[in-house]
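Asker: Below you will find the structure I want to go over with you.
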Amino acid sequence: MHRPIRERQFVHQKMVGNRGEVCQSKTQAGKSDVWNSATQLNPSILAPRQVHGGQPGWYSGWQRRRHTGECGMRPAVFPSIGKRRESFWRSFVLAGPLFTREALTTPRQFKHYLFRAGYLGAFFVLMYTAAQTTFGFQTVRNLGDIARFGGQVFQILSFVQLTLILFFSVLFAAGNVAIEKDRRTLILLLMTDLPNRELVLGKLLGSLLLPGVLITISLPAFLMVALMGGVGFDQLWASLGTCAAVGLAAGCWGTLVAFWREKTFQTLAISLLGLVFWLGLVEVVGWMTAETAFGSWAAALNPFRVLWGILSPFDSGTASPVICGLEYTALSLILVLVTISRLRVWNPSRGVYEATSTIETGEKTTVRTREPRTVWELPILWREMRTRAYGRRAILIKGAYLLFAAVAIGSQVVVEPSTDLILGMLPPAGFLFAGLSLLCFLMVNTQAVTALTSERDANTLELLLVTEVTASEFTWGKLLGVLYNSKELIAVPLLWLGWLVASGFCPVDHAIFVLIGFLTLTFFSAMLGLHAGLTYHNSRQAIGSSLGTIFFLFIGIFVCMILILQARASFALQLPSFLVFILGGAIALIGALAQRNQAPALYLASSILPFATFYAITTFLLGQMFEVCVAVTAAYGFTIIAMLIPAVSEFDVALSEGSANRG
């Protein structure tokens, strides 16, 4: 029997200088026979050694110490086998150390497990709510009814997952790189010997870890639905494959924009606008080329039409999911190659080069290029309204939004107005107003949250906190500045609403109610972004929480309306089944709003908001517009006040972890 292995102490002394290091290892006596056999095969591991520079890069040094057994690592008995294994792994993982670090650290976080469990739990809650609205509390003995229910639930889950994967992929990919730029850590990565391929693929694949995990963990829910009947396994795999291919392309687009643009707001806004513009473009091209040979290839670029074709296999003229996967894979490859080739052309930015050249040449920077300007009594508001606080190219974002809105409104004006309800909810003109409003809310929310995160990452928020600027001036300056800079985004839905009133399509009283609700939700979006920026010390968490709350809110409203329409005949009996749906929304809002400031008003607002939203949905479907306006204004107005009062009362800002440690 082998003797027990006694505790071995390894003394590691690292000296940095001329890219060299000294590692000494001591081992106590009494080692087992396994250890003795290893030392007999490689006796040099017990002797102190000095490792010189070698090849640059952290990976080569780690590989050398792993094989030679230095610095406390277990020695390799057969070094040749280990070298072949490591070289194969390095050639297989093209993303490099950035992806490796992300893959090792992400699963260790508790929020990762919570997010996975919450996502799968939301799927099962949605299935339960759909079952209750379809069958109620009656016993189902007909297999045909179960099969029809399975097909219905598969449609809802597939469209919801495709929408979420599109949003998460572009948001995580763009935000991951944008935060590196705000913290000035991307310059440090560019100074290392990481090639462009490892830098781009590492950030891209690291950002797509969570969307990939979400697609994987949704498989049990889809398999359970497939076992009910009404859905084939080929449809299931086609749906998941379409989500994966489209999510990869969306992530590649977000990564390209993030490495291209400098400001976080510009990155997120261009990424979201580009995604929406792409979906609209492929829909128009597919409609115009429907009768040509190019029509099938163009239709395959619209993922929602492809998914509808998967769910309706007997319909003629549907797009093929195989063609969709090939096209989006090729598009992803093109976007990645462009990003890799232009990485060090776009980065560092021009401002870094100008500052570096000024320091090297010793030129004085006191020469004024314009006359001094008078600052208002509210300096924060002056900066937001009179300077280019969001970058020099912010006008291009507004131009792209106005172009997209003009094309969408023009296509609606040209065709003959229709009163047919889409999905039994809204006419085409109403759907266009809802889409423009949702895009406006996302843009306003993005600008509000990045107004705080950019200040924190640039270490200028600490300077503002030590000045004479009060909390009220700071909060109102940021809030009003966001609304002022978003005036073009807010005006477009209002102009479309005015055209609907002028054309007699919408009554005047209904338009007034819609106007009040729209302005309330716009102010709520801005305040929610500001609240998230003040609450979270991590910029990635702040952006994800803020935009995710807005997105999930409207996705939940849409799904809830579909379920209510399906249970219209027995809605009173199926009302308890919606309570689970509402309760889940309340818990999610409590986690988003009361994360740091656990005020009773925030808990009350988070609890009331889902119930008020559900009441507004039901009254809207009944045609009672005044009740909808009252419910939306009261619920969201109270939530705005609950977030605004603590912000204007005193400075309660979550600084970065490094700032907190220094303080």
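Residues in the structure tokens are numbered from 1 in each chain, the chains being A, B, ... in the order shown, and ligands are numbered from 1 in the order shown.
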Residues of segment 167-269 of chain A that have any atom at most 12 Å from an atom of segment 398-402 of chain A: could you tabulate them with the shortest-distance atom pair and the distance in Å to one decimal, using only C-alpha atoms, ordered by chain and increasing number, as JSON lines?

Answerer:
```
{"residue": "A:Phe265", "atom": "CA", "partner": "A:Lys398", "partner_atom": "CA", "distance": 11.9}
{"residue": "A:Gln266", "atom": "CA", "partner": "A:Lys398", "partner_atom": "CA", "distance": 10.3}
{"residue": "A:Ala269", "atom": "CA", "partner": "A:Lys398", "partner_atom": "CA", "distance": 9.3}
```

Asker: Selected residues, C-alpha atoms, written as a compact mmCIF listing (two decimals), in the first residue's frame, please.

Answerer:
```txt
# COMPACT_ATOMS: atom_id res chain seq x y z
CA PHE A 265 -23.98 55.16 -27.01
CA GLN A 266 -22.95 55.22 -30.65
CA ALA A 269 -27.46 52.69 -31.05
```

Asker: If you count only C-alpha atoms, which residues fall within 9 Å of segment 102-108 of chain A, apart from same-chain ones fewer than 3 positions away, as a list in words?

Answerer: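 Near segment 102-108 of chain A, the qualifying residues are Pro97, Leu98, Phe99, Lys111, His112, Tyr113, Gly202, Lys203, Leu205, Gly206, Ser207, Leu209 and Leu210 of chain A.
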
Asker: Would you please extract all alpha helix (DSSP H) residues from segment 275-327 of chain A, as assigned by DSSP on the backbone, and give them as an mmCIF file with N, CA and C atoms, in the first residue's frame?

Answerer:
```
data_model
loop_
_atom_site.group_PDB
_atom_site.id
_atom_site.type_symbol
_atom_site.label_atom_id
_atom_site.label_comp_id
_atom_site.auth_asym_id
_atom_site.auth_seq_id
_atom_site.Cartn_x
_atom_site.Cartn_y
_atom_site.Cartn_z
ATOM 1 N N LEU A 275 -29.571 46.402 -36.859
ATOM 2 C CA LEU A 275 -30.327 45.150 -36.812
ATOM 3 C C LEU A 275 -31.755 45.356 -37.301
ATOM 4 N N VAL A 276 -32.400 46.419 -36.818
ATOM 5 C CA VAL A 276 -33.773 46.699 -37.253
ATOM 6 C C VAL A 276 -33.814 47.055 -38.737
ATOM 7 N N PHE A 277 -32.859 47.855 -39.189
ATOM 8 C CA PHE A 277 -32.817 48.234 -40.600
ATOM 9 C C PHE A 277 -32.585 47.014 -41.490
ATOM 10 N N TRP A 278 -31.768 46.088 -41.038
ATOM 11 C CA TRP A 278 -31.507 44.871 -41.814
ATOM 12 C C TRP A 278 -32.768 44.025 -41.947
ATOM 13 N N LEU A 279 -33.500 43.866 -40.861
ATOM 14 C CA LEU A 279 -34.734 43.086 -40.920
ATOM 15 C C LEU A 279 -35.754 43.741 -41.854
ATOM 16 N N GLY A 280 -35.860 45.066 -41.786
ATOM 17 C CA GLY A 280 -36.770 45.746 -42.699
ATOM 18 C C GLY A 280 -36.319 45.661 -44.148
ATOM 19 N N LEU A 281 -35.003 45.759 -44.385
ATOM 20 C CA LEU A 281 -34.485 45.705 -45.749
ATOM 21 C C LEU A 281 -34.723 44.341 -46.393
ATOM 22 N N VAL A 282 -34.422 43.270 -45.670
ATOM 23 C CA VAL A 282 -34.608 41.939 -46.252
ATOM 24 C C VAL A 282 -36.088 41.627 -46.464
ATOM 25 N N GLU A 283 -36.949 42.197 -45.625
ATOM 26 C CA GLU A 283 -38.384 41.999 -45.839
ATOM 27 C C GLU A 283 -38.848 42.692 -47.115
ATOM 28 N N VAL A 284 -38.370 43.920 -47.343
ATOM 29 C CA VAL A 284 -38.752 44.647 -48.558
ATOM 30 C C VAL A 284 -38.184 43.967 -49.797
ATOM 31 N N VAL A 285 -36.910 43.560 -49.733
ATOM 32 C CA VAL A 285 -36.291 42.895 -50.881
ATOM 33 C C VAL A 285 -36.973 41.557 -51.161
ATOM 34 N N GLY A 286 -37.293 40.821 -50.104
ATOM 35 C CA GLY A 286 -37.989 39.554 -50.305
ATOM 36 C C GLY A 286 -39.371 39.733 -50.904
ATOM 37 N N TRP A 287 -40.057 40.811 -50.525
ATOM 38 C CA TRP A 287 -41.386 41.079 -51.092
ATOM 39 C C TRP A 287 -41.302 41.507 -52.554
ATOM 40 N N MET A 288 -40.265 42.291 -52.900
ATOM 41 C CA MET A 288 -40.133 42.757 -54.275
ATOM 42 C C MET A 288 -39.663 41.663 -55.220
ATOM 43 N N GLY A 295 -35.844 35.308 -55.220
ATOM 44 C CA GLY A 295 -36.782 35.495 -54.118
ATOM 45 C C GLY A 295 -36.567 34.546 -52.970
ATOM 46 N N SER A 296 -36.277 33.260 -53.265
ATOM 47 C CA SER A 296 -36.090 32.291 -52.187
ATOM 48 C C SER A 296 -34.849 32.590 -51.364
ATOM 49 N N TRP A 297 -33.783 33.066 -52.033
ATOM 50 C CA TRP A 297 -32.565 33.413 -51.305
ATOM 51 C C TRP A 297 -32.762 34.677 -50.482
ATOM 52 N N ALA A 298 -33.512 35.635 -51.019
ATOM 53 C CA ALA A 298 -33.770 36.864 -50.270
ATOM 54 C C ALA A 298 -34.703 36.609 -49.096
ATOM 55 N N ALA A 299 -35.712 35.737 -49.294
ATOM 56 C CA ALA A 299 -36.634 35.431 -48.200
ATOM 57 C C ALA A 299 -35.937 34.691 -47.067
ATOM 58 N N PRO A 303 -35.135 36.010 -40.763
ATOM 59 C CA PRO A 303 -35.224 34.844 -39.865
ATOM 60 C C PRO A 303 -36.644 34.562 -39.395
ATOM 61 N N PHE A 304 -37.474 35.575 -39.283
ATOM 62 C CA PHE A 304 -38.840 35.351 -38.817
ATOM 63 C C PHE A 304 -39.681 34.659 -39.889
ATOM 64 N N ARG A 305 -39.445 34.979 -41.156
ATOM 65 C CA ARG A 305 -40.136 34.251 -42.212
ATOM 66 C C ARG A 305 -39.639 32.819 -42.304
ATOM 67 N N VAL A 306 -38.348 32.627 -42.092
ATOM 68 C CA VAL A 306 -37.804 31.263 -42.084
ATOM 69 C C VAL A 306 -38.416 30.453 -40.952
ATOM 70 N N LEU A 307 -38.532 31.058 -39.793
ATOM 71 C CA LEU A 307 -39.125 30.356 -38.661
ATOM 72 C C LEU A 307 -40.600 30.056 -38.910
ATOM 73 N N TRP A 308 -41.299 30.986 -39.557
ATOM 74 C CA TRP A 308 -42.697 30.722 -39.892
ATOM 75 C C TRP A 308 -42.814 29.571 -40.888
ATOM 76 N N GLY A 309 -41.856 29.490 -41.814
ATOM 77 C CA GLY A 309 -41.844 28.358 -42.730
ATOM 78 C C GLY A 309 -41.565 27.038 -42.029
ATOM 79 N N ILE A 310 -40.727 27.074 -40.997
ATOM 80 C CA ILE A 310 -40.474 25.853 -40.218
ATOM 81 C C ILE A 310 -41.731 25.414 -39.483
ATOM 82 N N LEU A 311 -42.474 26.366 -38.953
ATOM 83 C CA LEU A 311 -43.687 26.039 -38.211
ATOM 84 C C LEU A 311 -44.847 25.679 -39.124
ATOM 85 N N PRO A 321 -34.703 26.671 -44.095
ATOM 86 C CA PRO A 321 -33.785 26.952 -42.977
ATOM 87 C C PRO A 321 -32.338 26.614 -43.303
ATOM 88 N N VAL A 322 -32.111 25.667 -44.227
ATOM 89 C CA VAL A 322 -30.733 25.332 -44.608
ATOM 90 C C VAL A 322 -30.089 26.506 -45.333
ATOM 91 N N ILE A 323 -30.839 27.108 -46.257
ATOM 92 C CA ILE A 323 -30.315 28.278 -46.963
ATOM 93 C C ILE A 323 -30.086 29.423 -45.982
ATOM 94 N N CYS A 324 -31.009 29.593 -45.037
ATOM 95 C CA CYS A 324 -30.844 30.644 -44.032
ATOM 96 C C CYS A 324 -29.573 30.433 -43.221
ATOM 97 N N GLY A 325 -29.321 29.198 -42.787
ATOM 98 C CA GLY A 325 -28.118 28.928 -42.012
ATOM 99 C C GLY A 325 -26.848 29.184 -42.799
ATOM 100 N N LEU A 326 -26.841 28.779 -44.081
ATOM 101 C CA LEU A 326 -25.656 29.002 -44.909
ATOM 102 C C LEU A 326 -25.420 30.491 -45.154
ATOM 103 N N GLU A 327 -26.491 31.221 -45.434
ATOM 104 C CA GLU A 327 -26.335 32.649 -45.704
ATOM 105 C C GLU A 327 -25.841 33.399 -44.477
#
```

Asker: Residues of segment 237-260 of chain A within 8 Å of segment 154-167 of chain A: nearest atom pair and distance (Å, one decimal) for each, counting only C-alpha atoms, sorted by chain and number, as a tab-separated table?

Answerer:
```
residue	atom	partner	partner_atom	distance
A:Ser239	CA	A:Ser158	CA	6.8
A:Cys243	CA	A:Leu162	CA	5.5
A:Val246	CA	A:Leu166	CA	6.9
A:Gly247	CA	A:Leu166	CA	5.4
A:Ala250	CA	A:Leu166	CA	6.2
```

Asker: Which residue is closest to Leu126 of chain A? Choose from A:Thr139, A:Thr619, A:Ser546, A:Gln152 and count only C-alpha atoms.

Answerer: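 Counting only C-alpha atoms, the residue closest to Leu126 of chain A is A:Gln152.
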